[in-house]
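Participant: First, the structure itself, so that you have it in front of you.
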There are 2 protein chains.
Amino acid sequence: MKRFKRGVKTHPAFSRGVKKEIRIIGWDDSRHSHTDKSVVLVGPIFRGAEYMDGMLSVSIKKDGLDSTQKIASAIRKSRHYGQLSVIMTDGITFGGFNLVDIKALHIKTGLPVIAVQRYEPNMKEFLGAIRKVFKKDWRKRVAIVKKTGKVKRWEKDGRAVFYQSAGLTDAEVSEILDLTILRGNTPEPLRVAHLIAGGLSGESRGGA
Amino acid sequence: MKRFKRGVKTHPAFSRGVKKEIRIIGWDDSRHSHTDKSVVLVGPIFRGAEYMDGMLSVSIKKDGLDSTQKIASAIRKSRHYGQLSVIMTDGITFGGFNLVDIKALHIKTGLPVIAVQRYEPNMKEFLGAIRKVFKKDWRKRVAIVKKTGKVKRWEKDGRAVFYQSAGLTDAEVSEILDLTILRGNTPEPLRVAHLIAGGLSGESRGGA
C-alpha cells in the first residue's frame with residue numbers, strides 16, 4: 001500500500017486495515033465573533049465510533065495559518081499519540097480562513113487525515129473569497145487549498161459526505177466512514193467535536 | 001413518590017421510572033491555577049449512558065458561590081431542558097470551594113440531582129478546611145454542605161461510588177448509577193465531562 005509518502009512510516013495501529021476499535025481524533029472549531037482574535041479547536045478522541053477516550057484542544061489565530069502546526073503538535077505531545085490511527089477534520093478551514101494543510105498534517109504526524117464536509121464545497125467561490133480577503137498572502141493560501149486535492153464523494157444508504165484525504169486509499173476512507181457514520185451524515189468524532197465546540201461558545205456559556 | 005419538595009413538580013420525563021434513554025447532564029470543572037479567577041464548567045448531555053446529545057458550559061468564580069445559580073440558569077435556558085431528566089455533578093465543589101447546593105439546584109430546575117464521588121469524602125476535614133479558608137462567609141458555606149445531606153454508598157460487582165442526592169429515592173439513584181456506570185466507577189456523563197474539562201485545560205492546550 002502506498003499510503004505514506006516522503007518516508008513517513010505507516011502508523012503501526014493502522015497497518016492491518018480498519019479495526020472496529022481504531023482511535024480517531026475529530027477536530028472542530030468553536031464559534032467566534034468578528035472581534036475574537038483566537039479560536040479554540042477541540043479534538044475528542046474516539047475508540048471506534050462510540051467510546052470517547054480523551055480530548056485535546058488548541059487555540060489558533062483567527063484567519064491565521066497556524067492550525068496545521070498547532071493540531072500536529074498537540075497530537076504528537078499527547079499520551080494518546082501511540083494509539084491514534086486517524087485524524088478527521090471538519091472541512092479544511094477553522095477559525096475563519098485558518099487553513100488546515102492535510103498533506104502537511106499527515107506528514108508531521110505520520111497519521112492519515114480525512115477532511116469531511118456535509119456539503120459539496122464550491123472551490124471556485126472559495127478560492128475567489130481567499131483572493132479577495134487576503135491581499136498579501138493569498139498565493140500561499142490558494143496553494144494550500146490546491147494541494148489538498150480533489151473533493152470526493154462518499155455515499156451509503158442515501159447519506160452522502162464530501163471528503164479530501166491524505167495517506168489513505170478511497171477504499172480505506174470508505175471503510176472508516178462506514179464505521180463512524182452512525183446517524184445522519186457526520187462521523188461520530190466530528191459530531192461530538194461539534195457538540196463540544198458549540199457548548200463552549202453557545203448561548204449557555206457564562207449564563208448568569 | 002415524594003421526590004420533589006416545596007411544590008416543585010415531578011419532571012415529566014421522569015414520572016415513569018428510569019428509562020434507558022433518559023437525558024442526563026454531567027458537570028465537571030476544568031483545572032485551574034492559583035492565579036485563575038474563573039473556572040469553566042462543562043456539562044455534556046447524554047441520552048442514556050452512551051450517546052452524547054449536546055453540551056452546556058458556564059464560567060464560575062474560583063472559590064465563589066455562583067455555581068448553583070450558573071448551572072441552573074444554563075440548564076433552564078437550554079433547548080435540552082424539556083428532555084433532561086437528571087443532573088449529575090462531580091462531587092459538590094467546583095473551582096476550588098465553589099459549592100453546589102444540590103437541594104437548591106433541584107428546586108431551581110425541577111430536576112433531581114446526584115453528586116457522585118469516587119472516594120468517600122472526609123466531612124470533618126472538609127468542613128474544617130472551609131472554616132479555615134473562608135474567615136468571612138464560612139457559616140454560609142458550612143450550611144450548604146450540611147443541607148446537602150448524608151453521603152451514601154452505591155456498590156455493584158465490587159465497584160463503589162459515594163453520592164448525595166436531591167429529589168430521588170435511593171432505589172432510583174441506584175437504577176441511574178446501574179444504567180450509567182459502564183466501566184470503572186464513574187457514570188458515563190461524568191467520565192466524559194472529565195475528559196472534556198481535562199482536554200480544555202491540559203498540557204495540549206495552546207501547544208505551539
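Letters A, B, ... go to the chains of the C-alpha cells in the order shown; residues in each chain start at 1; ligands are counted from 1 in the same order.
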Can you work out which residues from chain B touch chain A at a cut-off of 8 Å (counting only C-alpha atoms) and hand them back as JSON, numbers by chain?
Facilitator: {"B": [42, 44, 50, 51, 52, 53, 54, 55, 56, 57, 58, 59, 60, 69, 70, 73, 74, 75, 77, 78, 192, 195, 196, 198, 199, 200, 202, 204, 205, 206, 207, 208]}
Participant: Using DSSP secondary structure from the backbone, list all strand (DSSP E) positions within stretch 13-202 of chain B, as JSON, numbers by chain.
Facilitator: {"B": [23, 24, 25, 26, 27, 28, 29, 38, 39, 40, 41, 42, 43, 44, 45, 46, 47, 51, 52, 53, 54, 55, 56, 57, 58, 59, 60, 61, 84, 85, 86, 87, 88, 89, 90, 93, 94, 98, 99, 113, 114, 115, 116, 117, 152, 153, 154, 155, 156, 159, 160, 161, 162, 163, 164, 165, 166]}
Participant: Please list as a list in words every residue within 9 Å of B:Val116, counting only C-alpha atoms and excluding residues in the same chain fewer than 5 positions away.
Facilitator: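 Listed by chain and then number, they are Met88, Thr89, Asp90, Gly91, Ile92, Val161, Phe162, Tyr163, Gln164, Ser165, Thr186, Pro187 and Leu190 of chain B.
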Participant: Using the selection just defined, write its residues with C-alpha atoms as a PDB file, in the first residue's frame.
Facilitator:
```
ATOM      1  CA  MET B  88     -25.129  14.776  37.874  1.00  0.00           C
ATOM      2  CA  THR B  89     -22.234  16.656  39.407  1.00  0.00           C
ATOM      3  CA  ASP B  90     -18.698  15.537  40.186  1.00  0.00           C
ATOM      4  CA  GLY B  91     -18.944  15.986  43.943  1.00  0.00           C
ATOM      5  CA  ILE B  92     -20.251  19.226  45.417  1.00  0.00           C
ATOM      6  CA  VAL B 161     -19.235   5.213  44.454  1.00  0.00           C
ATOM      7  CA  PHE B 162     -20.343   7.683  47.087  1.00  0.00           C
ATOM      8  CA  TYR B 163     -23.223  10.019  46.429  1.00  0.00           C
ATOM      9  CA  GLN B 164     -25.531  12.683  47.760  1.00  0.00           C
ATOM     10  CA  SER B 165     -28.831  13.287  46.038  1.00  0.00           C
ATOM     11  CA  THR B 186     -17.693   6.751  37.030  1.00  0.00           C
ATOM     12  CA  PRO B 187     -21.078   7.330  35.356  1.00  0.00           C
ATOM     13  CA  LEU B 190     -19.237  12.461  34.374  1.00  0.00           C
TER      14      LEU B 190
END
```
Participant: Using only C-alpha atoms, which of the listed residues (A:Lys146, A:Arg139, A:Arg23, A:Arg183) sits closest to A:Gly82?
Facilitator: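 Result for the nearest residue to A:Gly82: A:Arg23.
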Participant: Could you check how far atom CA of B:Leu177 sits from atom CA of B:Gly158, in Å to one decimal?
Facilitator: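 That distance, rounded to one decimal, is 13.7 Å.
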Participant: As an exercise, work out the distance from atom CA of A:Gly110 to atom CA of A:Ile87 in Å and give it to one decimal place.
Facilitator: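 According to the coordinates, atom CA of A:Gly110 and atom CA of A:Ile87 are separated by 10.2 Å.
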Participant: Hey, what's within 12 Å of A:Lys140 if we count only C-alpha atoms and toss same-chain stuff fewer than 5 positions away? As a list in words, please?
Facilitator: Gly64, Leu65, Asn98, Leu99, Asp101, Leu127, Ile130, Arg131, Phe134, Lys135, Val145, Lys146 and Lys147 of chain A
Participant: Report, in Å to a single decimal, how far apart atom CA of B:Ala160 and atom CA of A:Gly48 are.
Facilitator: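 Atom CA of B:Ala160 lies at a distance of 27.9 Å from atom CA of A:Gly48.
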